[in-house]
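**Q** Handing over final-v2.csv, CSV, N, CA and C atoms.
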chain,number,residue,atom,x,y,z
J,1,MET,N,16.1,52.4,15.8
J,1,MET,CA,15.4,51.2,16.4
J,1,MET,C,16.5,50.5,17.2
J,2,GLU,N,16.2,50.1,18.4
J,2,GLU,CA,17.1,49.4,19.2
J,2,GLU,C,17.1,47.9,19.0
J,3,GLU,N,18.2,47.3,18.8
J,3,GLU,CA,18.3,45.8,18.7
J,3,GLU,C,18.3,45.2,20.1
J,4,ARG,N,17.6,44.0,20.1
J,4,ARG,CA,17.5,43.3,21.4
J,4,ARG,C,17.6,41.9,21.1
J,5,ILE,N,18.3,41.2,22.0
J,5,ILE,CA,18.5,39.8,21.9
J,5,ILE,C,17.4,39.1,22.8
J,6,LEU,N,16.7,38.2,22.1
J,6,LEU,CA,15.6,37.5,22.8
J,6,LEU,C,16.2,36.2,23.5
J,7,THR,N,15.8,36.0,24.7
J,7,THR,CA,16.2,34.8,25.4
J,7,THR,C,15.0,34.0,25.8
J,8,ILE,N,15.2,32.8,26.3
J,8,ILE,CA,14.1,31.9,26.7
J,8,ILE,C,13.2,32.5,27.8
J,9,LYS,N,13.7,33.5,28.5
J,9,LYS,CA,13.0,34.1,29.6
J,9,LYS,C,12.0,35.2,29.1
J,10,ASP,N,12.2,35.7,27.9
J,10,ASP,CA,11.3,36.7,27.3
J,10,ASP,C,9.9,36.2,27.2
J,11,ASP,N,8.9,37.1,27.4
J,11,ASP,CA,7.5,36.7,27.4
J,11,ASP,C,7.1,36.1,26.0
J,12,LEU,N,7.5,36.7,24.9
J,12,LEU,CA,7.2,36.2,23.6
J,12,LEU,C,7.7,34.8,23.4
J,13,ILE,N,8.9,34.5,23.7
J,13,ILE,CA,9.5,33.2,23.5
J,13,ILE,C,8.8,32.2,24.5
J,14,ALA,N,8.6,32.6,25.7
J,14,ALA,CA,7.9,31.7,26.7
J,14,ALA,C,6.5,31.3,26.2
J,15,GLU,N,5.8,32.3,25.7
J,15,GLU,CA,4.4,32.0,25.2
J,15,GLU,C,4.4,31.1,24.0
J,16,THR,N,5.4,31.3,23.1
J,16,THR,CA,5.5,30.5,21.9
J,16,THR,C,5.8,29.1,22.3
J,17,LEU,N,6.8,28.9,23.2
J,17,LEU,CA,7.1,27.6,23.7
J,17,LEU,C,6.0,26.8,24.4
J,18,GLU,N,5.2,27.6,25.2
J,18,GLU,CA,4.1,27.0,25.8
J,18,GLU,C,3.0,26.5,24.8
J,19,SER,N,2.8,27.3,23.8
J,19,SER,CA,1.8,27.0,22.7
J,19,SER,C,2.3,25.7,22.0
J,20,LEU,N,3.6,25.6,21.7
J,20,LEU,CA,4.1,24.4,21.1
J,20,LEU,C,4.0,23.2,22.0
J,21,ARG,N,4.2,23.4,23.3
J,21,ARG,CA,4.0,22.2,24.2
J,21,ARG,C,2.6,21.7,24.2
J,22,LYS,N,1.6,22.7,24.2
J,22,LYS,CA,0.2,22.3,24.2
J,22,LYS,C,-0.1,21.6,22.9
J,23,ALA,N,0.3,22.1,21.8
J,23,ALA,CA,0.0,21.5,20.5
J,23,ALA,C,0.6,20.1,20.5
J,24,ASN,N,1.8,19.9,21.0
J,24,ASN,CA,2.5,18.6,21.0
J,24,ASN,C,1.7,17.6,21.9
J,25,ARG,N,1.2,18.1,23.0
J,25,ARG,CA,0.4,17.2,23.9
J,25,ARG,C,-0.9,16.7,23.1
J,26,LYS,N,-1.5,17.7,22.4
J,26,LYS,CA,-2.7,17.3,21.7
J,26,LYS,C,-2.4,16.3,20.6
J,27,VAL,N,-1.3,16.5,19.9
J,27,VAL,CA,-0.9,15.6,18.8
J,27,VAL,C,-0.6,14.2,19.4
J,28,VAL,N,0.1,14.1,20.5
J,28,VAL,CA,0.4,12.8,21.1
J,28,VAL,C,-0.9,12.1,21.5
J,29,LYS,N,-1.9,12.9,22.1
J,29,LYS,CA,-3.1,12.3,22.5
J,29,LYS,C,-3.9,11.8,21.3
J,30,LEU,N,-3.9,12.5,20.2
J,30,LEU,CA,-4.6,12.1,19.0
J,30,LEU,C,-4.0,10.8,18.5
J,31,MET,N,-2.7,10.7,18.5
J,31,MET,CA,-2.0,9.5,18.0
J,31,MET,C,-2.3,8.3,18.9
J,32,ASP,N,-2.3,8.6,20.2
J,32,ASP,CA,-2.6,7.5,21.1
J,32,ASP,C,-4.0,7.0,21.0
J,33,ASP,N,-5.0,7.9,20.7
J,33,ASP,CA,-6.4,7.5,20.6
J,33,ASP,C,-6.8,7.0,19.2
J,34,TYR,N,-5.9,7.1,18.2
J,34,TYR,CA,-6.2,6.8,16.8
J,34,TYR,C,-6.3,5.3,16.6
J,35,LYS,N,-7.4,4.8,16.1
J,35,LYS,CA,-7.7,3.4,15.8
J,35,LYS,C,-8.1,3.4,14.3
J,36,PRO,N,-7.2,2.9,13.4
J,36,PRO,CA,-7.5,2.8,12.0
J,36,PRO,C,-8.7,1.9,11.7
J,37,ILE,N,-9.5,2.3,10.8
J,37,ILE,CA,-10.6,1.4,10.4
J,37,ILE,C,-10.1,0.2,9.7
J,38,LEU,N,-10.7,-0.9,9.8
J,38,LEU,CA,-10.4,-2.2,9.2
J,38,LEU,C,-8.9,-2.6,9.5
J,39,GLN,N,-8.5,-2.3,10.7
J,39,GLN,CA,-7.1,-2.6,11.1
J,39,GLN,C,-6.1,-2.0,10.1
J,40,GLY,N,-6.4,-0.9,9.5
J,40,GLY,CA,-5.5,-0.2,8.6
J,40,GLY,C,-5.5,-0.9,7.2
J,41,GLU,N,-6.4,-1.8,7.0
J,41,GLU,CA,-6.4,-2.5,5.7
J,41,GLU,C,-6.9,-1.5,4.6
J,42,ARG,N,-6.3,-1.5,3.4
J,42,ARG,CA,-6.7,-0.7,2.3
J,42,ARG,C,-7.6,-1.5,1.4
J,43,LEU,N,-8.7,-1.0,1.0
J,43,LEU,CA,-9.6,-1.6,0.1
J,43,LEU,C,-9.5,-1.0,-1.3
J,44,MET,N,-9.6,-1.8,-2.4
J,44,MET,CA,-9.4,-1.2,-3.7
J,44,MET,C,-10.7,-1.6,-4.5
J,45,THR,N,-11.1,-0.7,-5.4
J,45,THR,CA,-12.2,-0.9,-6.3
J,45,THR,C,-11.7,-1.7,-7.5
J,46,ASP,N,-12.7,-2.1,-8.3
J,46,ASP,CA,-12.4,-2.8,-9.6
J,46,ASP,C,-11.4,-1.9,-10.4
J,47,ARG,N,-11.8,-0.7,-10.6
J,47,ARG,CA,-11.1,0.2,-11.4
J,47,ARG,C,-9.7,0.4,-10.9
J,48,GLU,N,-9.5,0.6,-9.6
J,48,GLU,CA,-8.2,0.8,-9.0
J,48,GLU,C,-7.3,-0.4,-9.2
J,49,LEU,N,-7.9,-1.6,-8.9
J,49,LEU,CA,-7.1,-2.8,-9.1
J,49,LEU,C,-6.7,-3.1,-10.5
J,50,ALA,N,-7.7,-2.9,-11.4
J,50,ALA,CA,-7.4,-3.1,-12.8
J,50,ALA,C,-6.2,-2.2,-13.3
J,51,THR,N,-6.2,-1.0,-12.8
J,51,THR,CA,-5.2,0.0,-13.2
J,51,THR,C,-3.8,-0.5,-12.6
J,52,VAL,N,-3.8,-0.9,-11.3
J,52,VAL,CA,-2.6,-1.3,-10.7
J,52,VAL,C,-2.0,-2.6,-11.4
J,53,LEU,N,-2.9,-3.5,-11.7
J,53,LEU,CA,-2.4,-4.8,-12.3
J,53,LEU,C,-2.3,-4.7,-13.8
J,54,ARG,N,-2.8,-3.6,-14.4
J,54,ARG,CA,-2.7,-3.4,-15.8
J,54,ARG,C,-3.5,-4.5,-16.5
J,55,VAL,N,-4.7,-4.8,-16.0
J,55,VAL,CA,-5.6,-5.8,-16.7
J,55,VAL,C,-6.9,-5.1,-16.9
J,56,SER,N,-7.8,-5.7,-17.7
J,56,SER,CA,-9.1,-5.2,-17.9
J,56,SER,C,-10.0,-5.6,-16.8
J,57,PRO,N,-11.1,-4.8,-16.6
J,57,PRO,CA,-12.1,-5.2,-15.6
J,57,PRO,C,-12.7,-6.6,-15.9
J,58,ARG,N,-12.8,-6.9,-17.2
J,58,ARG,CA,-13.2,-8.3,-17.6
J,58,ARG,C,-12.3,-9.4,-17.0
J,59,ALA,N,-11.0,-9.1,-17.1
J,59,ALA,CA,-10.0,-10.1,-16.6
J,59,ALA,C,-10.2,-10.2,-15.1
J,60,LEU,N,-10.5,-9.2,-14.4
J,60,LEU,CA,-10.8,-9.3,-12.9
J,60,LEU,C,-12.0,-10.1,-12.7
J,61,ARG,N,-13.0,-9.9,-13.5
J,61,ARG,CA,-14.3,-10.7,-13.3
J,61,ARG,C,-14.0,-12.2,-13.5
J,62,ASP,N,-13.2,-12.5,-14.5
J,62,ASP,CA,-12.8,-13.9,-14.8
J,62,ASP,C,-12.0,-14.4,-13.6
J,63,TYR,N,-11.1,-13.6,-13.0
J,63,TYR,CA,-10.3,-14.1,-11.9
J,63,TYR,C,-11.2,-14.4,-10.7
J,64,ARG,N,-12.2,-13.5,-10.5
J,64,ARG,CA,-13.2,-13.8,-9.4
J,64,ARG,C,-13.9,-15.0,-9.7
J,65,SER,N,-14.5,-15.2,-10.9
J,65,SER,CA,-15.3,-16.4,-11.2
J,65,SER,C,-14.5,-17.7,-11.1
J,66,ASP,N,-13.2,-17.6,-11.4
J,66,ASP,CA,-12.3,-18.8,-11.3
J,66,ASP,C,-11.8,-19.0,-9.9
J,67,GLY,N,-12.2,-18.1,-9.0
J,67,GLY,CA,-11.8,-18.3,-7.6
J,67,GLY,C,-10.3,-17.9,-7.3
J,68,ILE,N,-9.7,-17.2,-8.2
J,68,ILE,CA,-8.4,-16.7,-8.0
J,68,ILE,C,-8.3,-15.5,-7.1
J,69,LEU,N,-9.2,-14.6,-7.3
J,69,LEU,CA,-9.2,-13.3,-6.5
J,69,LEU,C,-10.2,-13.4,-5.4
J,70,PRO,N,-9.8,-13.2,-4.2
J,70,PRO,CA,-10.9,-13.1,-3.1
J,70,PRO,C,-11.4,-11.6,-3.2
J,71,TYR,N,-12.7,-11.4,-2.9
J,71,TYR,CA,-13.3,-10.1,-2.9
J,71,TYR,C,-14.4,-10.0,-1.9
J,72,ILE,N,-14.8,-8.7,-1.8
J,72,ILE,CA,-16.0,-8.4,-0.9
J,72,ILE,C,-17.0,-7.8,-1.8
J,73,ARG,N,-18.3,-8.3,-1.7
J,73,ARG,CA,-19.4,-7.7,-2.5
J,73,ARG,C,-20.3,-7.0,-1.5
J,74,MET,N,-20.6,-5.7,-1.7
J,74,MET,CA,-21.5,-5.0,-0.9
J,74,MET,C,-22.5,-4.2,-1.8
J,75,LYS,N,-23.7,-4.7,-1.9
J,75,LYS,CA,-24.7,-4.0,-2.7
J,75,LYS,C,-24.2,-3.8,-4.1
J,76,GLY,N,-23.7,-4.8,-4.7
J,76,GLY,CA,-23.2,-4.7,-6.1
J,76,GLY,C,-21.8,-4.1,-6.3
J,77,ASN,N,-21.3,-3.5,-5.3
J,77,ASN,CA,-19.9,-3.0,-5.4
J,77,ASN,C,-18.9,-4.1,-5.0
J,78,ILE,N,-17.9,-4.2,-5.8
J,78,ILE,CA,-16.8,-5.2,-5.6
J,78,ILE,C,-15.6,-4.4,-5.0
J,79,LEU,N,-15.1,-5.0,-3.9
J,79,LEU,CA,-13.9,-4.4,-3.2
J,79,LEU,C,-12.9,-5.5,-3.0
J,80,TYR,N,-11.6,-5.2,-3.0
J,80,TYR,CA,-10.5,-6.1,-2.8
J,80,TYR,C,-9.7,-5.7,-1.7
J,81,LYS,N,-9.3,-6.6,-0.8
J,81,LYS,CA,-8.3,-6.2,0.2
J,81,LYS,C,-6.9,-6.2,-0.4
J,82,GLU,N,-6.2,-5.2,-0.2
J,82,GLU,CA,-4.8,-5.1,-0.7
J,82,GLU,C,-3.9,-6.2,-0.3
J,83,SER,N,-4.1,-6.7,1.0
J,83,SER,CA,-3.3,-7.8,1.5
J,83,SER,C,-3.6,-9.1,0.8
J,84,ASP,N,-4.9,-9.3,0.5
J,84,ASP,CA,-5.3,-10.5,-0.3
J,84,ASP,C,-4.7,-10.5,-1.7
J,85,ILE,N,-4.7,-9.3,-2.3
J,85,ILE,CA,-4.1,-9.2,-3.7
J,85,ILE,C,-2.6,-9.5,-3.6
J,86,GLU,N,-1.9,-9.0,-2.6
J,86,GLU,CA,-0.5,-9.3,-2.5
J,86,GLU,C,-0.2,-10.8,-2.3
J,87,LYS,N,-1.0,-11.5,-1.5
J,87,LYS,CA,-0.9,-12.9,-1.3
J,87,LYS,C,-1.1,-13.7,-2.6
J,88,VAL,N,-2.1,-13.3,-3.4
J,88,VAL,CA,-2.4,-14.0,-4.6
J,88,VAL,C,-1.2,-13.8,-5.6
J,89,LEU,N,-0.7,-12.6,-5.7
J,89,LEU,CA,0.4,-12.3,-6.6
J,89,LEU,C,1.7,-13.1,-6.2
J,90,ARG,N,1.9,-13.2,-4.9
J,90,ARG,CA,3.1,-14.0,-4.4
J,90,ARG,C,2.9,-15.4,-4.7
J,91,SER,N,1.7,-15.9,-4.6
J,91,SER,CA,1.4,-17.4,-4.8
J,91,SER,C,1.5,-17.7,-6.3
J,92,HIS,N,1.3,-16.8,-7.1
J,92,HIS,CA,1.4,-17.0,-8.6
J,92,HIS,C,2.7,-16.6,-9.2
J,93,GLU,N,3.7,-16.2,-8.3
J,93,GLU,CA,4.9,-15.7,-8.8
J,93,GLU,C,5.8,-16.8,-9.4
J,94,TYR,N,6.4,-16.6,-10.5
J,94,TYR,CA,7.2,-17.7,-11.1
J,94,TYR,C,8.6,-17.1,-11.2
J,95,LYS,N,9.6,-17.8,-10.7
J,95,LYS,CA,11.0,-17.3,-10.8
J,95,LYS,C,11.7,-18.2,-11.8
J,96,CYS,N,12.2,-17.6,-12.8
J,96,CYS,CA,12.9,-18.4,-13.8
J,96,CYS,C,14.2,-18.9,-13.3
J,97,ASN,N,14.4,-20.2,-13.5
J,97,ASN,CA,15.7,-20.8,-13.1
J,97,ASN,C,16.6,-20.8,-14.3
J,98,LEU,N,17.8,-20.2,-14.2
J,98,LEU,CA,18.7,-20.0,-15.3
J,98,LEU,C,19.1,-21.3,-15.9
J,99,MET,N,19.2,-22.4,-15.0
J,99,MET,CA,19.6,-23.7,-15.5
J,99,MET,C,18.5,-24.3,-16.4
J,100,ASP,N,17.3,-24.1,-16.0
J,100,ASP,CA,16.2,-24.6,-16.8
J,100,ASP,C,16.2,-23.9,-18.2
J,101,ARG,N,16.4,-22.6,-18.2
J,101,ARG,CA,16.4,-21.9,-19.4
J,101,ARG,C,17.5,-22.4,-20.3
J,102,ASN,N,18.7,-22.6,-19.8
J,102,ASN,CA,19.8,-23.1,-20.6
J,102,ASN,C,19.5,-24.5,-21.2
J,103,ILE,N,18.9,-25.4,-20.4
J,103,ILE,CA,18.5,-26.7,-20.8
J,103,ILE,C,17.5,-26.6,-22.0
J,104,LYS,N,16.5,-25.8,-21.8
J,104,LYS,CA,15.5,-25.6,-22.9
J,104,LYS,C,16.1,-25.1,-24.2
J,105,GLN,N,17.0,-24.2,-24.0
J,105,GLN,CA,17.6,-23.6,-25.2
J,105,GLN,C,18.5,-24.7,-25.9
J,106,SER,N,19.2,-25.5,-25.2
J,106,SER,CA,20.0,-26.6,-25.8
J,106,SER,C,19.1,-27.6,-26.5
J,107,PHE,N,17.9,-27.9,-25.9
J,107,PHE,CA,17.0,-28.8,-26.6
J,107,PHE,C,16.5,-28.2,-27.9
J,108,LYS,N,16.2,-26.9,-27.9
J,108,LYS,CA,15.8,-26.3,-29.1
J,108,LYS,C,16.8,-26.4,-30.2
J,109,ARG,N,18.1,-26.2,-29.8
J,109,ARG,CA,19.2,-26.2,-30.8
J,109,ARG,C,19.3,-27.6,-31.4
J,110,ARG,N,19.1,-28.6,-30.6
J,110,ARG,CA,19.3,-30.0,-31.1
J,110,ARG,C,18.2,-30.3,-32.1
J,111,ARG,N,16.9,-29.9,-31.8
J,111,ARG,CA,15.8,-30.2,-32.7
J,111,ARG,C,16.0,-29.5,-34.0
J,112,ILE,N,16.5,-28.3,-34.0
J,112,ILE,CA,16.7,-27.5,-35.2
J,112,ILE,C,17.9,-28.1,-36.0
J,113,GLY,N,19.0,-28.4,-35.4
J,113,GLY,CA,20.2,-28.9,-36.0
J,113,GLY,C,20.1,-30.3,-36.4
Would you put the structure from the file into structure tokens?
**A**
Amino acid sequence: MEERILTIKDDLIAETLESLRKANRKVVKLMDDYKPILQGERLMTDRELATVLRVSPRALRDYRSDGILPYIRMKGNILYKESDIEKVLRSHEYKCNLMDRNIKQSFKRRRIG
């Protein structure tokens, strides 16, 4: 069997390159035409959100009733926008101040002693 070096001018290589160029044009067109639904917003169900937050479905119902969690109701189905959940979590975030913690501990020691 004779060994042969393939170059870009060989028919097989040229056909393969042309196929790749066509595929690339199609992919670029698909990407240009792509419009994500809901502006790319991800919606979560009760079960998904309860799993992510590690709370019970009952807790989610209480958060909705108390006006803490915004939600969408469609024919009895409850959906949550991921961006809304992130905003709620950020607004309820508590950062411990080391100075406050040291002051509280010193008060506890004084009461005990």
**Q** Which residues, written as a list in words, have at least one atom at most 7 Å from Pro57 in chain J, with all atoms listed in the file counted and residues fewer than 5 positions away on the same chain left out?
**A**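 After dropping sequence-adjacent residues, the list is Asp46, Arg47, Ala50 and Asp62 of chain J.
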**Q** Going by DSSP on the backbone, which residues of chain J come out as helix (DSSP H, G or I)? List them as a PyMOL selection string.
**A** chain J and resi 11-33+37-40+46-53+57-65+82-91+98-112
**Q** Select, from J:Arg54, J:Ala59, J:Pro70, J:Ile5, the residue with the minimum atom-to-atom distance to Glu86 in chain J, counting only C-alpha atoms.
**A** J:Pro70
**Q** Figure out the distance between CA of Asp32 in chain J and atom N of Leu20 in chain J, please, to one decimal in Å.
**A** 19.1 Å
**Q** Quick check, in Å to one decimal: how far apart do atom C of Ile68 in chain J and atom N of Met44 in chain J lie?
**A** 14.5 Å
**Q** What is the atom N of Val88 in chain J to CA of Tyr34 in chain J distance in Å?
**A**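 Separating atom N of Val88 in chain J from CA of Tyr34 in chain J is a distance of 28.8 Å.
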**Q** What's around Arg42 in chain J at 8 Å? Count only C-alpha atoms, leave out sequence neighbours fewer than 6 positions away in its own chain, and write the answer as a tab-separated table (two decimals) with N, CA and C atoms, keeping the file's coordinate frame.
**A**
chain	number	residue	atom	x	y	z
J	81	LYS	N	-9.30	-6.60	-0.80
J	81	LYS	CA	-8.30	-6.20	0.20
J	81	LYS	C	-6.90	-6.20	-0.40
J	82	GLU	N	-6.20	-5.20	-0.20
J	82	GLU	CA	-4.80	-5.10	-0.70
J	82	GLU	C	-3.90	-6.20	-0.30
J	83	SER	N	-4.10	-6.70	1.00
J	83	SER	CA	-3.30	-7.80	1.50
J	83	SER	C	-3.60	-9.10	0.80
**Q** Taking only C-alpha atoms into account, which of J:Leu30, J:Leu69, J:Lys9, J:Arg25 comes nearest Lys87 in chain J?
**A** J:Leu69
**Q** Could you give me, as a count of residues only, each residue of chain J that DSSP assigns to strand (DSSP E or B) when run on this structure's backbone?
**A** 11
